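J.: Here it is, the structure, as structure tokens.
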Amino acid sequence: MYWQPSADLNTLKARADFSAYIRDFFRVRDVLEVETPLLSKAAVSDANLLPLAVTCLDKTCYLQTSPEYPMKRLLAAGSGDIFQICKVFRDEELGKRHNPEFSMLEYYRLHFDLQTLKDEVAQLVGDYLNIQRRMDLSFRQAFIKYAQLDPFLTTDDELQIKVQPFVGGLKLNRDECLDLLISHVVEPNLPKDTLVFIAQYPASQAALAQTYENDSGEMLAQRFELYVNGLELANGYQELTDVAEQKQRFAKEQTQCEQVRNEDEHFLQALQHGLPECSGVALGLDRILMLKLGLKNISEVLSFDFERA
Amino acid sequence: MANYSTNEFKSGLKVMLEGDPCSILENELVKPGKGQAFSRVKLRNLKTGRVWERTFKSGEKLEGADVMDYDMEYLYADGEFFHFMATDGSYEQFGAPVEAVGETKNWLKEQEKYEVTLFNGAPIAVAAPNFVELEVKDTDPGLKGDTAQGGTKPAYLTTGAMVRVPLFINIGEVLRIDTRTGEYVSRAKG
């Protein structure tokens, strides 16, 4: 019966209510709702995301993996605070918590530092899910507490030993080891019914966040992730505004990426023009809805999951 | 055999892992938002029956395993091998070693059909039908009239297996056994 929806009617109503809740949340805060193209001539630089290519007017174009670049172009053009609710697409992501096409809320706040943005996200998500308990951990604290190791001081060899029970003989690089341990060891052990913010990521996992040096000389990223009941819900940055640094990161991602990704010239030009100091965050709306309704499979919150699309 | 990438992993796919054929039970994508994607996979080792949990990087490949299940009739044991015959019309015979037969040894009956798993043409596992009918070779004498009372006693079947049976069961009777639990179900009919 694959013509029928994968979500029931009550879930679809809850989804509509959720959108209304978000729009109200930002209306009272005077944040402007925007729409940007889903289809772009440039692809995302992030080597861990696989954009879908489509042909339009004989040109290869890409469906967005997030609206980050065009939204930052709006910020550079003087839009002020903005938010967007949109569909994003990521190839090869399919599972109980993944669908290749999913709904994202992305928003940017001018002159917010990361802490202020975290507080606002805690309010947005906490009020909706009715969860007030909150835990703020640094990346280091999360690993020490739940994986019994210091992610900055542990040697590559020791990390390899830690991941062996999961991967057998497979060799992983340092960041891959940390990715495995956070998803296999840290995440499942985080406290339940609590907004858990993990912040101060290693600079190697900065993506498009600003980096800084701490007192011990370690390079850290101004980035946070929000987890609730083992689900990763949001990823926020104090945004990188330095165009030279941005170009370097594009080049570095390209070396780790099998596909050729054209640099987004428009985005770089906007940075060149000047991105105001801001923080931004992307939230996975389907997963938040799963938590709200106590559902275990992302299919159950989608009108039609990928199987039925 | 073909190679399979993690995004082709699905329940029932047979692959080679550390030299043993395995059947994939579950595959779940795990991906930190900005990080490496992994496939967290549960596999059953078809030789040992043990379930393994193993994580693969997305895009990793495993070699397919040449594993097929066939219906076969049990013929006889020669002390070393248990001999089965294909029922697909080929009458081809296969000798399964004791490790392949495992617990199913308790439920082997001549002319009964079993599911034999072949790996590279050799039996590695034998599964019994859910129910088999086997004769009681030895048990304490039945208690006349005791048909309703609870209570059980051990009975030894022709295969050597022991099952708990009601007190009224006698030597020579044929019993229906649930092979999944190893429990007595009823007397065989007719």
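In the structure tokens, each chain is lettered A, B, ... as it comes, each chain's residues begin at 1, and ligands are numbered from 1 in order of appearance.
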Please extract the residues of stretch 15-76 of chain B with a backbone DSSP assignment of strand (DSSP E) and present them as an NGL selection string.
T.: :B and (15-17 or 20-30 or 38-45 or 51-57 or 61-63 or 67-76)
J.: Write to file, as a compact mmCIF listing (two decimals), in the first residue's frame, the residues of the selection just made, with C-alpha atoms.
T.:
# COMPACT_ATOMS: atom_id res chain seq x y z
CA VAL B 15 28.74 -11.22 2.88
CA MET B 16 32.22 -12.38 3.89
CA LEU B 17 33.70 -11.03 7.12
CA ASP B 20 33.43 -16.40 7.42
CA PRO B 21 30.12 -16.11 5.56
CA CYS B 22 27.67 -13.85 7.38
CA SER B 23 24.09 -12.78 6.90
CA ILE B 24 23.24 -9.12 7.55
CA LEU B 25 20.50 -8.71 10.13
CA GLU B 26 20.38 -4.92 10.54
CA ASN B 27 22.12 -1.88 9.11
CA GLU B 28 21.75 1.55 10.69
CA LEU B 29 23.29 4.76 9.39
CA VAL B 30 25.12 6.73 12.08
CA PHE B 38 29.19 5.01 9.45
CA SER B 39 27.08 1.93 8.94
CA ARG B 40 26.43 0.14 12.18
CA VAL B 41 25.70 -3.43 11.19
CA LYS B 42 24.54 -6.57 12.95
CA LEU B 43 25.54 -9.78 11.20
CA ARG B 44 25.03 -13.44 11.94
CA ASN B 45 28.07 -15.59 11.37
CA VAL B 51 25.80 -12.39 16.09
CA TRP B 52 28.48 -9.80 15.44
CA GLU B 53 28.17 -6.04 15.69
CA ARG B 54 30.49 -4.20 13.41
CA THR B 55 30.80 -0.62 12.21
CA PHE B 56 31.92 0.26 8.69
CA LYS B 57 32.83 3.58 7.14
CA LYS B 61 32.85 -2.75 0.58
CA LEU B 62 32.48 -6.37 1.59
CA GLU B 63 32.76 -9.36 -0.69
CA VAL B 67 25.78 -18.94 0.33
CA MET B 68 22.50 -20.59 -0.61
CA ASP B 69 19.80 -22.44 1.32
CA TYR B 70 18.43 -25.70 -0.11
CA ASP B 71 15.72 -28.13 0.92
CA MET B 72 17.31 -31.53 1.46
CA GLU B 73 16.20 -34.90 2.75
CA TYR B 74 18.16 -36.48 5.56
CA LEU B 75 19.56 -39.90 4.58
CA TYR B 76 21.90 -41.33 7.22
J.: Near chain B, which residues of chain A fall within 9 Å when you count only C-alpha atoms, and what do they look like as a ChimeraX atom specification?
T.: /A:46-49,92-98,165-168,170,172,175-176,179-180,182-184,205-207,225,232,234-235
J.: Can I get the selection written as a tab-separated table (two decimals), in the first residue's frame, with C-alpha atoms?
T.:
chain	number	residue	atom	x	y	z
A	46	ASP	CA	31.86	19.90	3.19
A	47	ALA	CA	33.45	16.58	2.17
A	48	ASN	CA	31.18	14.61	4.51
A	49	LEU	CA	28.02	15.78	2.75
A	92	GLU	CA	23.16	8.26	0.80
A	93	GLU	CA	21.55	9.31	4.07
A	94	LEU	CA	18.79	6.81	4.74
A	95	GLY	CA	17.93	5.06	7.99
A	96	LYS	CA	15.77	5.28	11.09
A	97	ARG	CA	16.99	8.82	11.75
A	98	HIS	CA	17.82	9.88	8.19
A	165	PRO	CA	36.06	-3.24	19.22
A	166	PHE	CA	33.66	-1.50	16.84
A	167	VAL	CA	35.51	-1.61	13.54
A	168	GLY	CA	37.77	-4.67	13.65
A	170	LEU	CA	39.83	-0.90	9.95
A	172	LEU	CA	40.50	5.43	10.93
A	175	ASP	CA	38.67	12.83	13.40
A	176	GLU	CA	37.00	9.63	12.22
A	179	ASP	CA	33.25	10.79	15.16
A	180	LEU	CA	32.87	7.09	15.89
A	182	ILE	CA	30.90	10.39	19.92
A	183	SER	CA	28.20	8.51	18.00
A	184	HIS	CA	28.78	5.03	19.45
A	205	GLN	CA	35.89	19.85	13.18
A	206	ALA	CA	35.13	23.56	12.86
A	207	ALA	CA	33.34	23.44	9.48
A	225	GLU	CA	25.67	20.62	18.88
A	232	GLU	CA	21.42	15.14	17.27
A	234	ALA	CA	21.08	21.19	15.97
A	235	ASN	CA	24.47	22.45	14.93
J.: Grab the atom CA of A:Lys252 to atom CA of A:Tyr237 distance for me, in Å with one decimal place.
T.: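 Result for atom CA of A:Lys252 versus atom CA of A:Tyr237: 19.0 Å, one decimal.
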J.: If DSSP is run on the backbone, what residues of stretch 169-231 of chain A are alpha helix (DSSP H)? A reply as a ChimeraX atom specification would be ideal.
T.: /A:174-181,187-189
J.: Have a look at atom CA of A:Trp3 and atom CA of A:Asp286 and let me know their distance in Å, one decimal.
T.: 20.9 Å
J.: So that I can check the surroundings of A:Leu32, please list as a list of chain:residue names every protein, DNA and RNA residue that reaches within 10 Å of it, counting only C-alpha atoms and ignoring chain neighbours fewer than 3 positions away.
T.: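 Contacts, with the query itself left out: A:Arg23, A:Phe26, A:Arg27, A:Arg29, A:Ser79, A:Gly80, A:Asp81, A:Ile82, A:Phe83, A:Gln84, A:Tyr107, A:Tyr108.
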J.: Please, what distance in Å, to one decimal, runs between atom CA of A:Pro70 and atom CA of A:Leu275?
T.: 11.9 Å
J.: Which residues come within 8 Å of stretch 254-267 of chain A, counting only C-alpha atoms, excluding same-chain residues fewer than 4 positions away, as a ChimeraX atom specification?
T.: /A:42-45,47-48,69-70,72-73,250,271
J.: Write the selection just made, keeping N, CA and C atoms, as a compact mmCIF listing (two decimals), in the first residue's frame?
T.:
# COMPACT_ATOMS: atom_id res chain seq x y z
N ALA A 42 26.55 25.97 -7.52
CA ALA A 42 27.72 25.50 -6.78
C ALA A 42 27.28 24.49 -5.72
N ALA A 43 28.19 23.59 -5.39
CA ALA A 43 27.87 22.58 -4.38
C ALA A 43 28.52 22.96 -3.05
N VAL A 44 28.04 22.34 -1.98
CA VAL A 44 28.60 22.57 -0.66
C VAL A 44 30.05 22.06 -0.64
N SER A 45 30.90 22.66 0.18
CA SER A 45 32.30 22.24 0.22
C SER A 45 32.53 21.05 1.16
N ALA A 47 33.17 17.87 2.79
CA ALA A 47 33.45 16.58 2.17
C ALA A 47 32.58 15.46 2.72
N ASN A 48 32.02 15.65 3.92
CA ASN A 48 31.18 14.61 4.51
C ASN A 48 29.73 14.68 4.07
N TYR A 69 24.94 29.09 2.49
CA TYR A 69 25.62 30.09 1.64
C TYR A 69 24.68 31.22 1.21
N PRO A 70 23.52 30.91 0.63
CA PRO A 70 22.65 32.04 0.24
C PRO A 70 22.16 32.87 1.42
N LYS A 72 23.85 33.53 4.10
CA LYS A 72 24.95 34.44 4.46
C LYS A 72 25.09 35.56 3.44
N ARG A 73 24.73 35.27 2.20
CA ARG A 73 24.76 36.35 1.19
C ARG A 73 23.70 37.40 1.53
N PHE A 250 37.86 25.78 2.26
CA PHE A 250 37.34 25.19 1.02
C PHE A 250 38.40 24.28 0.40
N LEU A 271 31.38 37.26 1.33
CA LEU A 271 32.28 37.34 2.49
C LEU A 271 33.28 38.48 2.31
J.: Can you list, as a VMD selection string, every protein, DNA or RNA residue that comes within 7 Å of A:Ser299 when you count only C-alpha atoms, leaving out same-chain residues fewer than 4 positions away?
T.: chain A and resid 6 to 7 305
J.: Between B:Val185, B:Met1, B:Leu108, B:Leu118, which residue has the minimum interatomic distance to B:Leu157, considering only C-alpha atoms?
T.: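 The shortest atom-to-atom distance to B:Leu157 comes from B:Leu108.
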J.: Can you work out which one of A:Leu75, A:Ala203, A:Ser19, A:Glu253 has the shortest atom-to-atom distance to A:Met104, counting only C-alpha atoms?
T.: A:Ser19
J.: Near stretch 172-182 of chain B, counting only C-alpha atoms, which residues have an atom at most 12 Å away, once you skip same-chain residues fewer than 4 positions from it, shown as a PyMOL selection string?
T.: chain B and resi 103-108+114+127-142+155-158+161-166+168+186-190
J.: Can you write just those residues out, N, CA and C atoms, as a short mmCIF file (atom, residue, chain, number, x, y, z; two decimals), in the first residue's frame?
T.:
data_model
loop_
_atom_site.label_atom_id
_atom_site.label_comp_id
_atom_site.auth_asym_id
_atom_site.auth_seq_id
_atom_site.Cartn_x
_atom_site.Cartn_y
_atom_site.Cartn_z
N GLU B 103 22.98 -28.32 16.89
CA GLU B 103 21.86 -28.77 17.71
C GLU B 103 20.82 -29.56 16.91
N THR B 104 20.79 -29.29 15.61
CA THR B 104 19.79 -29.94 14.76
C THR B 104 19.93 -31.47 14.78
N LYS B 105 21.12 -31.91 15.18
CA LYS B 105 21.37 -33.35 15.33
C LYS B 105 20.28 -34.03 16.17
N ASN B 106 19.77 -33.30 17.16
CA ASN B 106 18.72 -33.85 18.03
C ASN B 106 17.41 -34.14 17.31
N TRP B 107 17.25 -33.51 16.15
CA TRP B 107 15.94 -33.57 15.48
C TRP B 107 16.02 -34.20 14.09
N LEU B 108 17.08 -34.97 13.85
CA LEU B 108 17.25 -35.58 12.52
C LEU B 108 16.44 -36.86 12.41
N TYR B 114 15.07 -30.93 5.56
CA TYR B 114 15.79 -29.92 6.35
C TYR B 114 16.28 -28.82 5.41
N ALA B 127 19.13 -26.51 9.27
CA ALA B 127 18.02 -26.06 10.11
C ALA B 127 16.88 -27.07 10.03
N ALA B 128 16.33 -27.38 11.18
CA ALA B 128 15.23 -28.34 11.23
C ALA B 128 13.91 -27.63 10.92
N PRO B 129 12.92 -28.37 10.44
CA PRO B 129 11.58 -27.79 10.35
C PRO B 129 11.11 -27.45 11.77
N ASN B 130 10.11 -26.55 11.90
CA ASN B 130 9.67 -26.13 13.23
C ASN B 130 9.18 -27.29 14.09
N PHE B 131 8.54 -28.28 13.43
CA PHE B 131 8.04 -29.44 14.17
C PHE B 131 8.55 -30.72 13.54
N VAL B 132 8.99 -31.66 14.35
CA VAL B 132 9.32 -33.00 13.85
C VAL B 132 8.63 -34.04 14.75
N GLU B 133 8.44 -35.23 14.17
CA GLU B 133 7.82 -36.31 14.93
C GLU B 133 8.87 -37.40 15.15
N LEU B 134 9.11 -37.72 16.41
CA LEU B 134 10.17 -38.68 16.76
C LEU B 134 9.65 -39.67 17.79
N GLU B 135 10.24 -40.87 17.72
CA GLU B 135 9.78 -41.97 18.58
C GLU B 135 10.53 -41.95 19.92
N VAL B 136 9.81 -42.34 20.97
CA VAL B 136 10.41 -42.44 22.30
C VAL B 136 11.15 -43.78 22.39
N LYS B 137 12.42 -43.73 22.71
CA LYS B 137 13.21 -44.95 22.81
C LYS B 137 13.24 -45.46 24.24
N ASP B 138 13.24 -44.49 25.17
CA ASP B 138 13.33 -44.90 26.57
C ASP B 138 12.69 -43.86 27.48
N THR B 139 11.86 -44.36 28.41
CA THR B 139 11.31 -43.48 29.45
C THR B 139 10.77 -44.37 30.56
N ASP B 140 10.50 -43.81 31.73
CA ASP B 140 9.90 -44.60 32.81
C ASP B 140 8.51 -45.07 32.33
N PRO B 141 8.03 -46.20 32.88
CA PRO B 141 6.71 -46.70 32.45
C PRO B 141 5.63 -45.65 32.65
N GLY B 142 4.68 -45.65 31.73
CA GLY B 142 3.58 -44.70 31.81
C GLY B 142 2.68 -45.01 32.98
N ALA B 155 12.13 -38.17 28.71
CA ALA B 155 12.01 -39.24 27.72
C ALA B 155 13.15 -39.09 26.73
N TYR B 156 13.74 -40.23 26.35
CA TYR B 156 14.86 -40.20 25.40
C TYR B 156 14.36 -40.64 24.03
N LEU B 157 14.63 -39.81 23.03
CA LEU B 157 14.15 -40.09 21.68
C LEU B 157 15.17 -40.93 20.92
N THR B 158 14.77 -41.43 19.77
CA THR B 158 15.67 -42.27 18.95
C THR B 158 16.94 -41.52 18.53
N ALA B 161 18.11 -37.31 21.87
CA ALA B 161 17.69 -36.08 22.56
C ALA B 161 16.77 -36.43 23.72
N MET B 162 16.84 -35.61 24.78
CA MET B 162 15.94 -35.79 25.90
C MET B 162 14.90 -34.67 25.87
N VAL B 163 13.63 -35.03 26.04
CA VAL B 163 12.60 -34.01 26.19
C VAL B 163 11.77 -34.33 27.43
N ARG B 164 11.19 -33.31 28.02
CA ARG B 164 10.30 -33.52 29.16
C ARG B 164 8.91 -33.85 28.59
N VAL B 165 8.33 -34.92 29.08
CA VAL B 165 7.02 -35.33 28.56
C VAL B 165 6.07 -35.58 29.73
N PRO B 166 4.76 -35.58 29.44
CA PRO B 166 3.78 -35.92 30.50
C PRO B 166 3.97 -37.36 30.97
N PHE B 168 2.07 -39.88 31.21
CA PHE B 168 1.37 -40.99 30.54
C PHE B 168 2.07 -41.48 29.27
N SER B 186 2.75 -32.72 21.54
CA SER B 186 1.61 -33.65 21.66
C SER B 186 2.07 -35.03 21.19
N ARG B 187 1.20 -36.00 21.32
CA ARG B 187 1.41 -37.28 20.63
C ARG B 187 1.18 -37.03 19.15
N ALA B 188 1.93 -37.75 18.32
CA ALA B 188 1.72 -37.61 16.88
C ALA B 188 0.39 -38.27 16.53
N LYS B 189 -0.28 -37.69 15.55
CA LYS B 189 -1.59 -38.24 15.19
C LYS B 189 -1.42 -39.35 14.17
N GLY B 190 -2.17 -40.38 14.38
CA GLY B 190 -2.29 -41.49 13.42
C GLY B 190 -0.97 -42.13 13.16
#
J.: Identify, on the basis of only C-alpha atoms, every residue whose closest approach to A:Leu302 does not exceed 10 Å; exclude the query and any residue fewer than 2 positions from it along the same chain; express the result as a VMD selection string.
T.: chain A and resid 5 to 8 11 to 12 15 99 101 to 103 286 289 to 290 297 to 300 304 to 306
J.: Just write the chosen residues, C-alpha atoms, as an mmCIF file, in the first residue's frame.
T.:
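Okay, this is what ended up in again_18.cif:
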data_model
loop_
_atom_site.group_PDB
_atom_site.id
_atom_site.type_symbol
_atom_site.label_atom_id
_atom_site.label_comp_id
_atom_site.auth_asym_id
_atom_site.auth_seq_id
_atom_site.Cartn_x
_atom_site.Cartn_y
_atom_site.Cartn_z
ATOM 1 C CA PRO A 5 1.318 8.269 3.617
ATOM 2 C CA SER A 6 3.948 7.049 6.061
ATOM 3 C CA ALA A 7 2.739 9.525 8.733
ATOM 4 C CA ASP A 8 -0.751 9.502 10.229
ATOM 5 C CA THR A 11 1.294 13.688 12.982
ATOM 6 C CA LEU A 12 0.714 15.870 9.941
ATOM 7 C CA ARG A 15 3.873 19.142 11.911
ATOM 8 C CA ASN A 99 15.886 10.534 5.011
ATOM 9 C CA GLU A 101 15.288 14.815 1.840
ATOM 10 C CA PHE A 102 14.461 16.438 5.169
ATOM 11 C CA SER A 103 13.213 19.664 6.740
ATOM 12 C CA ASP A 286 11.769 15.990 11.587
ATOM 13 C CA LEU A 289 8.936 16.194 15.811
ATOM 14 C CA MET A 290 9.915 12.546 16.436
ATOM 15 C CA ASN A 297 11.473 6.215 12.926
ATOM 16 C CA ILE A 298 11.771 9.352 10.818
ATOM 17 C CA SER A 299 9.371 7.815 8.270
ATOM 18 C CA GLU A 300 6.592 8.204 10.788
ATOM 19 C CA PHE A 304 5.814 10.246 2.358
ATOM 20 C CA ASP A 305 9.225 8.814 3.241
ATOM 21 C CA PHE A 306 11.838 8.170 0.561
#
